[in-house]
>>> print(open('work01.cif').read())   # mmCIF, N, CA and C atoms
data_work
#
loop_
_atom_site.label_atom_id
_atom_site.label_comp_id
_atom_site.auth_asym_id
_atom_site.auth_seq_id
_atom_site.Cartn_x
_atom_site.Cartn_y
_atom_site.Cartn_z
N MET A 24 7.83 -12.95 3.03
CA MET A 24 6.86 -12.05 3.66
C MET A 24 5.47 -12.56 3.29
N SER A 25 4.63 -12.69 4.28
CA SER A 25 3.29 -13.22 4.05
C SER A 25 2.35 -12.13 3.54
N LYS A 26 1.11 -12.55 3.29
CA LYS A 26 0.08 -11.62 2.84
C LYS A 26 -0.37 -10.67 3.94
N LEU A 27 0.10 -10.89 5.18
CA LEU A 27 -0.28 -10.00 6.27
C LEU A 27 0.28 -8.60 6.04
N THR A 28 1.46 -8.52 5.46
CA THR A 28 2.07 -7.23 5.14
C THR A 28 1.83 -6.96 3.66
N THR A 29 1.31 -5.75 3.35
CA THR A 29 0.97 -5.42 1.97
C THR A 29 1.66 -4.15 1.51
N VAL A 30 1.86 -4.05 0.21
CA VAL A 30 2.39 -2.85 -0.44
C VAL A 30 1.45 -2.57 -1.60
N GLN A 31 0.81 -1.40 -1.58
CA GLN A 31 -0.21 -1.10 -2.58
C GLN A 31 -0.17 0.37 -2.99
N LEU A 32 -0.65 0.64 -4.21
CA LEU A 32 -1.01 1.99 -4.59
C LEU A 32 -2.47 2.14 -4.17
N VAL A 33 -2.76 3.15 -3.37
CA VAL A 33 -4.13 3.39 -2.91
C VAL A 33 -4.54 4.78 -3.36
N VAL A 34 -5.71 4.85 -3.99
CA VAL A 34 -6.26 6.12 -4.47
C VAL A 34 -7.65 6.28 -3.87
N ASP A 35 -7.93 7.45 -3.29
CA ASP A 35 -9.28 7.73 -2.84
C ASP A 35 -9.60 9.19 -3.11
N GLU A 36 -10.77 9.62 -2.63
CA GLU A 36 -11.28 10.96 -2.90
C GLU A 36 -11.56 11.18 -4.38
N PHE A 37 -12.11 10.13 -5.03
CA PHE A 37 -12.43 10.21 -6.45
C PHE A 37 -13.92 10.20 -6.72
N GLY A 38 -14.74 10.23 -5.69
CA GLY A 38 -16.18 10.19 -5.87
C GLY A 38 -16.70 8.77 -5.75
N ASP A 39 -17.81 8.50 -6.44
CA ASP A 39 -18.46 7.19 -6.30
C ASP A 39 -18.05 6.16 -7.34
N ASP A 40 -17.33 6.56 -8.37
CA ASP A 40 -17.05 5.65 -9.48
C ASP A 40 -15.56 5.38 -9.62
N PRO A 41 -15.10 4.16 -9.25
CA PRO A 41 -13.69 3.81 -9.39
C PRO A 41 -13.19 3.88 -10.84
N ALA A 42 -14.10 3.80 -11.79
CA ALA A 42 -13.71 3.91 -13.20
C ALA A 42 -13.09 5.27 -13.51
N ALA A 43 -13.38 6.27 -12.67
CA ALA A 43 -12.76 7.59 -12.86
C ALA A 43 -11.24 7.48 -12.73
N VAL A 44 -10.78 6.64 -11.82
CA VAL A 44 -9.33 6.44 -11.64
C VAL A 44 -8.79 5.58 -12.78
N THR A 45 -9.48 4.49 -13.07
CA THR A 45 -9.03 3.56 -14.11
C THR A 45 -8.85 4.26 -15.45
N SER A 46 -9.79 5.12 -15.82
CA SER A 46 -9.71 5.79 -17.11
C SER A 46 -8.53 6.75 -17.18
N VAL A 47 -8.12 7.31 -16.06
CA VAL A 47 -6.99 8.25 -16.05
C VAL A 47 -5.66 7.50 -15.96
N ILE A 48 -5.59 6.49 -15.11
CA ILE A 48 -4.31 5.82 -14.85
C ILE A 48 -3.93 4.84 -15.96
N GLY A 49 -4.94 4.26 -16.62
CA GLY A 49 -4.65 3.41 -17.77
C GLY A 49 -4.51 1.93 -17.49
N PHE A 50 -4.84 1.47 -16.29
CA PHE A 50 -4.87 0.03 -16.01
C PHE A 50 -5.91 -0.25 -14.93
N GLU A 51 -6.33 -1.52 -14.87
CA GLU A 51 -7.37 -1.93 -13.94
C GLU A 51 -6.81 -2.09 -12.53
N PRO A 52 -7.64 -1.84 -11.52
CA PRO A 52 -7.19 -2.04 -10.14
C PRO A 52 -7.15 -3.52 -9.78
N ALA A 53 -6.41 -3.84 -8.74
CA ALA A 53 -6.45 -5.19 -8.18
C ALA A 53 -7.74 -5.35 -7.38
N GLY A 54 -8.29 -4.22 -6.93
CA GLY A 54 -9.53 -4.27 -6.16
C GLY A 54 -9.97 -2.89 -5.75
N ASN A 55 -11.14 -2.83 -5.18
CA ASN A 55 -11.70 -1.61 -4.63
C ASN A 55 -12.13 -1.92 -3.20
N ALA A 56 -12.10 -0.93 -2.36
CA ALA A 56 -12.50 -1.13 -0.96
C ALA A 56 -13.41 0.01 -0.53
N VAL A 57 -14.31 -0.30 0.36
CA VAL A 57 -15.17 0.70 0.99
C VAL A 57 -15.02 0.50 2.49
N TYR A 58 -14.71 1.58 3.19
CA TYR A 58 -14.57 1.50 4.64
C TYR A 58 -15.07 2.78 5.27
N GLY A 59 -15.30 2.72 6.56
CA GLY A 59 -15.78 3.89 7.28
C GLY A 59 -16.34 3.50 8.62
N TRP A 60 -16.78 4.49 9.35
CA TRP A 60 -17.37 4.29 10.67
C TRP A 60 -18.77 4.86 10.64
N ASN A 61 -19.51 4.56 11.68
CA ASN A 61 -20.90 5.01 11.76
C ASN A 61 -21.05 6.51 11.60
N SER A 62 -20.14 7.29 12.18
CA SER A 62 -20.29 8.74 12.17
C SER A 62 -19.61 9.41 10.98
N VAL A 63 -18.92 8.62 10.15
CA VAL A 63 -18.18 9.17 9.01
C VAL A 63 -18.72 8.52 7.74
N PRO A 64 -18.93 9.30 6.70
CA PRO A 64 -19.40 8.69 5.45
C PRO A 64 -18.39 7.65 4.93
N PRO A 65 -18.87 6.61 4.28
CA PRO A 65 -17.96 5.59 3.76
C PRO A 65 -16.95 6.20 2.77
N GLN A 66 -15.76 5.67 2.81
CA GLN A 66 -14.67 6.10 1.92
C GLN A 66 -14.40 4.98 0.93
N LYS A 67 -14.27 5.31 -0.34
CA LYS A 67 -13.97 4.31 -1.36
C LYS A 67 -12.52 4.45 -1.77
N SER A 68 -11.86 3.31 -1.98
CA SER A 68 -10.46 3.31 -2.42
C SER A 68 -10.30 2.44 -3.65
N TRP A 69 -9.44 2.88 -4.53
CA TRP A 69 -9.01 2.16 -5.73
C TRP A 69 -7.63 1.62 -5.40
N ILE A 70 -7.39 0.32 -5.57
CA ILE A 70 -6.16 -0.29 -5.09
C ILE A 70 -5.45 -1.06 -6.21
N ALA A 71 -4.15 -0.80 -6.34
CA ALA A 71 -3.30 -1.57 -7.26
C ALA A 71 -2.19 -2.22 -6.44
N GLU A 72 -1.84 -3.43 -6.81
CA GLU A 72 -0.74 -4.12 -6.16
C GLU A 72 -0.03 -5.01 -7.16
N LEU A 73 1.10 -5.54 -6.75
CA LEU A 73 1.86 -6.42 -7.63
C LEU A 73 1.13 -7.73 -7.85
N PRO A 74 1.20 -8.26 -9.05
CA PRO A 74 0.64 -9.59 -9.27
C PRO A 74 1.53 -10.63 -8.55
N GLU A 75 0.95 -11.75 -8.24
CA GLU A 75 1.72 -12.85 -7.62
C GLU A 75 2.54 -13.54 -8.70
N PRO A 76 3.69 -14.03 -8.41
CA PRO A 76 4.33 -14.01 -7.10
C PRO A 76 5.06 -12.68 -6.88
N ALA A 77 4.80 -12.05 -5.77
CA ALA A 77 5.48 -10.80 -5.40
C ALA A 77 6.77 -11.17 -4.67
N PRO A 78 7.77 -10.29 -4.72
CA PRO A 78 9.02 -10.57 -4.01
C PRO A 78 8.77 -10.80 -2.51
N ASP A 79 9.57 -11.66 -1.92
CA ASP A 79 9.43 -11.96 -0.49
C ASP A 79 9.91 -10.82 0.39
N LYS A 80 11.02 -10.21 0.04
CA LYS A 80 11.60 -9.16 0.88
C LYS A 80 10.78 -7.87 0.71
N LEU A 81 10.42 -7.25 1.82
CA LEU A 81 9.57 -6.06 1.79
C LEU A 81 10.17 -4.95 0.94
N GLU A 82 11.45 -4.68 1.10
CA GLU A 82 12.10 -3.62 0.32
C GLU A 82 12.00 -3.90 -1.18
N ASP A 83 12.14 -5.17 -1.57
CA ASP A 83 12.04 -5.55 -2.99
C ASP A 83 10.61 -5.40 -3.49
N ARG A 84 9.65 -5.69 -2.63
CA ARG A 84 8.24 -5.55 -3.01
C ARG A 84 7.90 -4.08 -3.26
N ILE A 85 8.40 -3.19 -2.39
CA ILE A 85 8.16 -1.75 -2.56
C ILE A 85 8.78 -1.27 -3.87
N ALA A 86 10.04 -1.65 -4.11
CA ALA A 86 10.74 -1.23 -5.34
C ALA A 86 10.03 -1.77 -6.59
N ALA A 87 9.55 -3.00 -6.53
CA ALA A 87 8.86 -3.59 -7.69
C ALA A 87 7.55 -2.86 -7.98
N LEU A 88 6.82 -2.46 -6.94
CA LEU A 88 5.57 -1.71 -7.17
C LEU A 88 5.89 -0.37 -7.82
N VAL A 89 6.91 0.32 -7.35
CA VAL A 89 7.28 1.62 -7.94
C VAL A 89 7.68 1.42 -9.40
N ARG A 90 8.46 0.38 -9.70
CA ARG A 90 8.85 0.11 -11.11
C ARG A 90 7.61 -0.15 -11.97
N MET A 91 6.65 -0.91 -11.43
CA MET A 91 5.41 -1.18 -12.17
C MET A 91 4.68 0.13 -12.46
N LEU A 92 4.62 1.02 -11.47
CA LEU A 92 3.92 2.29 -11.64
C LEU A 92 4.66 3.21 -12.60
N GLU A 93 5.99 3.11 -12.65
CA GLU A 93 6.76 3.93 -13.59
C GLU A 93 6.40 3.62 -15.04
N ARG A 94 5.98 2.41 -15.31
CA ARG A 94 5.55 2.06 -16.68
C ARG A 94 4.28 2.80 -17.09
N HIS A 95 3.56 3.34 -16.12
CA HIS A 95 2.33 4.11 -16.34
C HIS A 95 2.50 5.52 -15.78
N ALA A 96 3.70 6.06 -15.87
CA ALA A 96 4.07 7.30 -15.18
C ALA A 96 3.11 8.46 -15.46
N GLU A 97 2.77 8.68 -16.71
CA GLU A 97 1.90 9.81 -17.05
C GLU A 97 0.54 9.68 -16.36
N GLY A 98 -0.06 8.49 -16.43
CA GLY A 98 -1.36 8.27 -15.80
C GLY A 98 -1.28 8.36 -14.28
N VAL A 99 -0.20 7.82 -13.69
CA VAL A 99 -0.04 7.88 -12.24
C VAL A 99 0.10 9.32 -11.78
N ARG A 100 0.92 10.10 -12.48
CA ARG A 100 1.08 11.52 -12.11
C ARG A 100 -0.25 12.27 -12.24
N ASP A 101 -1.02 11.97 -13.26
CA ASP A 101 -2.32 12.62 -13.46
C ASP A 101 -3.28 12.24 -12.33
N VAL A 102 -3.30 10.96 -11.95
CA VAL A 102 -4.15 10.51 -10.85
C VAL A 102 -3.73 11.19 -9.55
N ALA A 103 -2.41 11.25 -9.30
CA ALA A 103 -1.90 11.88 -8.08
C ALA A 103 -2.25 13.37 -8.01
N ALA A 104 -2.34 14.02 -9.18
CA ALA A 104 -2.69 15.43 -9.21
C ALA A 104 -4.20 15.65 -8.97
N ARG A 105 -5.02 14.68 -9.37
CA ARG A 105 -6.48 14.83 -9.27
C ARG A 105 -7.08 14.29 -7.97
N PHE A 106 -6.49 13.21 -7.46
CA PHE A 106 -7.07 12.50 -6.32
C PHE A 106 -6.02 12.33 -5.23
N HIS A 107 -6.43 11.75 -4.10
CA HIS A 107 -5.48 11.43 -3.03
C HIS A 107 -4.89 10.06 -3.35
N ALA A 108 -3.62 10.04 -3.77
CA ALA A 108 -2.95 8.80 -4.17
C ALA A 108 -1.64 8.68 -3.41
N ARG A 109 -1.33 7.46 -2.99
CA ARG A 109 -0.08 7.22 -2.27
C ARG A 109 0.25 5.74 -2.30
N ILE A 110 1.49 5.43 -2.00
CA ILE A 110 1.89 4.06 -1.79
C ILE A 110 1.67 3.77 -0.32
N GLU A 111 0.93 2.71 -0.03
CA GLU A 111 0.67 2.32 1.36
C GLU A 111 1.40 1.02 1.66
N ILE A 112 2.17 1.06 2.72
CA ILE A 112 2.86 -0.12 3.21
C ILE A 112 2.20 -0.45 4.54
N ARG A 113 1.53 -1.58 4.59
CA ARG A 113 0.87 -2.01 5.83
C ARG A 113 1.67 -3.17 6.39
N VAL A 114 2.35 -2.90 7.50
CA VAL A 114 3.24 -3.87 8.12
C VAL A 114 2.51 -4.53 9.28
N ASP A 115 2.37 -5.85 9.22
CA ASP A 115 1.76 -6.61 10.30
C ASP A 115 2.87 -7.23 11.14
N ALA A 116 2.84 -6.99 12.43
CA ALA A 116 3.90 -7.45 13.33
C ALA A 116 4.04 -8.97 13.32
N ARG A 117 3.01 -9.68 12.94
CA ARG A 117 3.12 -11.15 12.91
C ARG A 117 4.15 -11.62 11.90
N ASN A 118 4.50 -10.78 10.93
CA ASN A 118 5.55 -11.13 9.98
C ASN A 118 6.94 -11.07 10.61
N TRP A 119 7.07 -10.44 11.75
CA TRP A 119 8.39 -10.25 12.36
C TRP A 119 8.61 -11.15 13.56
N SER A 120 7.64 -11.95 13.95
CA SER A 120 7.80 -12.80 15.13
C SER A 120 8.16 -14.22 14.72
N GLY A 121 8.84 -14.90 15.61
CA GLY A 121 9.18 -16.29 15.35
C GLY A 121 7.97 -17.18 15.55
N THR A 122 7.97 -18.32 14.88
CA THR A 122 6.83 -19.23 14.99
C THR A 122 6.73 -19.85 16.38
N HIS A 123 7.83 -19.88 17.12
CA HIS A 123 7.80 -20.45 18.45
C HIS A 123 7.14 -19.51 19.47
N GLU A 124 7.00 -18.25 19.15
CA GLU A 124 6.37 -17.28 20.05
C GLU A 124 5.36 -16.44 19.29
N PRO A 125 4.23 -17.01 18.92
CA PRO A 125 3.28 -16.26 18.09
C PRO A 125 2.77 -14.98 18.72
N ASN A 126 2.75 -14.89 20.05
CA ASN A 126 2.30 -13.67 20.71
C ASN A 126 3.43 -13.00 21.47
N GLY A 127 4.66 -13.37 21.15
CA GLY A 127 5.83 -12.80 21.81
C GLY A 127 6.19 -11.44 21.23
N PRO A 128 7.29 -10.86 21.73
CA PRO A 128 7.71 -9.55 21.23
C PRO A 128 8.08 -9.62 19.75
N ARG A 129 7.88 -8.52 19.06
CA ARG A 129 8.15 -8.45 17.63
C ARG A 129 9.15 -7.34 17.36
N PHE A 130 10.14 -7.68 16.56
CA PHE A 130 11.13 -6.70 16.17
C PHE A 130 11.31 -6.80 14.67
N GLY A 131 11.42 -5.70 14.02
CA GLY A 131 11.61 -5.73 12.59
C GLY A 131 12.21 -4.42 12.11
N TYR A 132 12.69 -4.46 10.89
CA TYR A 132 13.34 -3.30 10.31
C TYR A 132 13.23 -3.40 8.80
N PHE A 133 12.93 -2.30 8.18
CA PHE A 133 13.03 -2.22 6.73
C PHE A 133 13.41 -0.80 6.36
N GLU A 134 13.96 -0.65 5.18
CA GLU A 134 14.42 0.65 4.73
C GLU A 134 14.00 0.84 3.28
N VAL A 135 13.42 1.99 2.99
CA VAL A 135 13.07 2.34 1.62
C VAL A 135 14.23 3.18 1.09
N SER A 136 14.83 2.71 0.01
CA SER A 136 16.03 3.37 -0.51
C SER A 136 15.72 4.77 -1.05
N PRO A 137 16.74 5.63 -1.08
CA PRO A 137 16.54 6.97 -1.67
C PRO A 137 16.10 6.91 -3.13
N GLU A 138 16.57 5.90 -3.87
CA GLU A 138 16.18 5.77 -5.28
C GLU A 138 14.69 5.49 -5.40
N VAL A 139 14.18 4.65 -4.53
CA VAL A 139 12.75 4.29 -4.58
C VAL A 139 11.90 5.48 -4.12
N THR A 140 12.31 6.16 -3.06
CA THR A 140 11.52 7.31 -2.61
C THR A 140 11.56 8.43 -3.65
N ALA A 141 12.70 8.61 -4.31
CA ALA A 141 12.79 9.63 -5.37
C ALA A 141 11.88 9.28 -6.54
N ALA A 142 11.88 8.00 -6.93
CA ALA A 142 11.02 7.58 -8.04
C ALA A 142 9.55 7.75 -7.69
N ALA A 143 9.17 7.41 -6.46
CA ALA A 143 7.78 7.61 -6.02
C ALA A 143 7.42 9.09 -6.05
N SER A 144 8.35 9.92 -5.59
CA SER A 144 8.11 11.37 -5.57
C SER A 144 7.93 11.91 -6.98
N LYS A 145 8.72 11.43 -7.93
CA LYS A 145 8.58 11.87 -9.33
C LYS A 145 7.21 11.50 -9.90
N LEU A 146 6.60 10.46 -9.34
CA LEU A 146 5.26 10.06 -9.76
C LEU A 146 4.18 10.85 -9.03
N GLY A 147 4.60 11.70 -8.09
CA GLY A 147 3.64 12.50 -7.32
C GLY A 147 3.07 11.75 -6.13
N LEU A 148 3.74 10.66 -5.72
CA LEU A 148 3.22 9.81 -4.66
C LEU A 148 4.01 9.94 -3.38
N GLY A 149 3.31 10.04 -2.27
CA GLY A 149 3.92 9.92 -0.97
C GLY A 149 3.92 8.46 -0.57
N ILE A 150 4.52 8.17 0.56
CA ILE A 150 4.55 6.81 1.08
C ILE A 150 3.98 6.83 2.50
N ALA A 151 2.91 6.09 2.71
CA ALA A 151 2.28 5.98 4.04
C ALA A 151 2.60 4.60 4.60
N ILE A 152 3.00 4.57 5.86
CA ILE A 152 3.35 3.31 6.50
C ILE A 152 2.44 3.11 7.71
N HIS A 153 1.78 1.96 7.75
CA HIS A 153 0.87 1.62 8.84
C HIS A 153 1.43 0.37 9.54
N PHE A 154 1.47 0.40 10.85
CA PHE A 154 1.92 -0.75 11.62
C PHE A 154 0.73 -1.32 12.40
N THR A 155 0.56 -2.63 12.32
CA THR A 155 -0.50 -3.29 13.08
C THR A 155 0.07 -4.53 13.77
N SER A 156 -0.66 -5.00 14.74
CA SER A 156 -0.25 -6.22 15.44
C SER A 156 -1.45 -7.14 15.52
N GLY A 157 -1.23 -8.36 15.14
CA GLY A 157 -2.29 -9.35 15.24
C GLY A 157 -2.26 -10.09 16.56
N GLY A 158 -1.27 -9.74 17.40
CA GLY A 158 -1.14 -10.41 18.69
C GLY A 158 -2.13 -9.88 19.70
N LYS A 159 -2.20 -10.55 20.83
CA LYS A 159 -3.07 -10.13 21.92
C LYS A 159 -2.50 -8.89 22.57
N SER A 160 -3.37 -8.05 23.10
CA SER A 160 -2.94 -6.84 23.81
C SER A 160 -2.21 -7.24 25.08
N HIS A 161 -1.25 -6.42 25.45
CA HIS A 161 -0.51 -6.65 26.70
C HIS A 161 -1.44 -6.42 27.87
N GLU A 162 -1.45 -7.35 28.78
CA GLU A 162 -2.28 -7.22 29.97
C GLU A 162 -1.36 -7.06 31.17
N GLY A 163 -1.55 -5.99 31.95
CA GLY A 163 -0.66 -5.72 33.06
C GLY A 163 -1.20 -6.13 34.38
#
>>> encode(input="work01.cif", output="structure tokens")
Amino acid sequence: MSKLTTVQLVVDEFGDDPAAVTSVIGFEPAGNAVYGWNSVPPQKSWIAELPEPAPDKLEDRIAALVRMLERHAEGVRDVAARFHARIEIRVDARNWSGTHEPNGPRFGYFEVSPEVTAAASKLGLGIAIHFTSGGKSHEG
């Protein structure tokens, strides 16, 4: 699985200082992001992800992130109670297409096991899944 598809712990709604999350959760983020639109105030996110090399299979990557977060369970639960925290899976359709058809149809499937969803739930985390396509729009 390429870097186009990501699995991350994302925390937002913490104010202006990402250190507020770091001090509660007990480890440093992989990064911070600021995003927004002209009519909406910018949103800041605190992001944690697996260090490289991450597992190739998406299901294994999700499970590995949850196991990593379980090592910091008390801090993760506290962050989830104070801020908007969740596991985000961003699936890029380009990971599911063959190299011979870079803009062809894309089909893919993954499953998050009950054990992984239960472990995430015990940490107070939901799972958000976003699907994107890097291909050209269909023209009719």
>>> closest_residue(input="work01.cif", among="A:Ile112, A:Val99, A:Ile150, A:Glu134", to="Val47 of chain A", atoms="only N, CA and C atoms")
A:Val99
>>> resolve_selection(input="work01.cif", expression="the PyMOL selection byres (((chain A and resi 101 and name CA) around 12) and name CA)", output="ChimeraX atom specification")
/A:34,43-49,95-100,102-108,145-148
>>> residues_near_point(input="work01.cif", point="(-10.1, 7.0, 3.2)", cutoff="7 Å", atoms="all atoms listed in the file", output="list in words")
Asp35, Glu36, Tyr58, Pro65, Gln66, Lys67 and Ser68 of chain A
>>> closest_residue(input="work01.cif", among="A:Met91, A:Phe154, A:Phe50, A:Tyr132", to="Asp115 of chain A", atoms="only N, CA and C atoms")
A:Phe154
>>> residues_around(input="work01.cif", residues="Gly54 of chain A", least_positions_apart="4", cutoff="8 Å", atoms="all atoms listed in the file", output="tab-separated table (two decimals) with N, CA and C atoms, keeping the file's coordinate frame")
chain	number	residue	atom	x	y	z
A	68	SER	N	-11.86	3.31	-1.98
A	68	SER	CA	-10.46	3.31	-2.42
A	68	SER	C	-10.30	2.44	-3.65
A	69	TRP	N	-9.44	2.88	-4.53
A	69	TRP	CA	-9.01	2.16	-5.73
A	69	TRP	C	-7.63	1.62	-5.40
A	70	ILE	N	-7.39	0.32	-5.57
A	70	ILE	CA	-6.16	-0.29	-5.09
A	70	ILE	C	-5.45	-1.06	-6.21
A	71	ALA	N	-4.15	-0.80	-6.34
A	71	ALA	CA	-3.30	-1.57	-7.26
A	71	ALA	C	-2.19	-2.22	-6.44
A	72	GLU	N	-1.84	-3.43	-6.81
A	72	GLU	CA	-0.74	-4.12	-6.16
A	72	GLU	C	-0.03	-5.01	-7.16
>>> atom_distance(input="work01.cif", atom1="atom N of Val30 of chain A", atom2="atom C of Glu111 of chain A")
5.3 Å
>>> atom_distance(input="work01.cif", atom1="atom CA of Ile152 of chain A", atom2="atom CA of Leu32 of chain A")
12.0 Å
>>> atom_distance(input="work01.cif", atom1="atom N of Val139 of chain A", atom2="atom C of Glu82 of chain A")
9.4 Å
>>> closest_residue(input="work01.cif", among="A:Val114, A:Ala151, A:Ala143, A:Val135", to="Thr29 of chain A", atoms="only N, CA and C atoms")
A:Val114
>>> closest_residue(input="work01.cif", among="A:Ile110, A:Ala56, A:Ala142, A:Leu73", to="Val33 of chain A", atoms="all atoms listed in the file")
A:Ile110
>>> closest_residue(input="work01.cif", among="A:Val57, A:Arg109, A:Pro76, A:Pro64", to="Gln31 of chain A", atoms="all atoms listed in the file")
A:Arg109
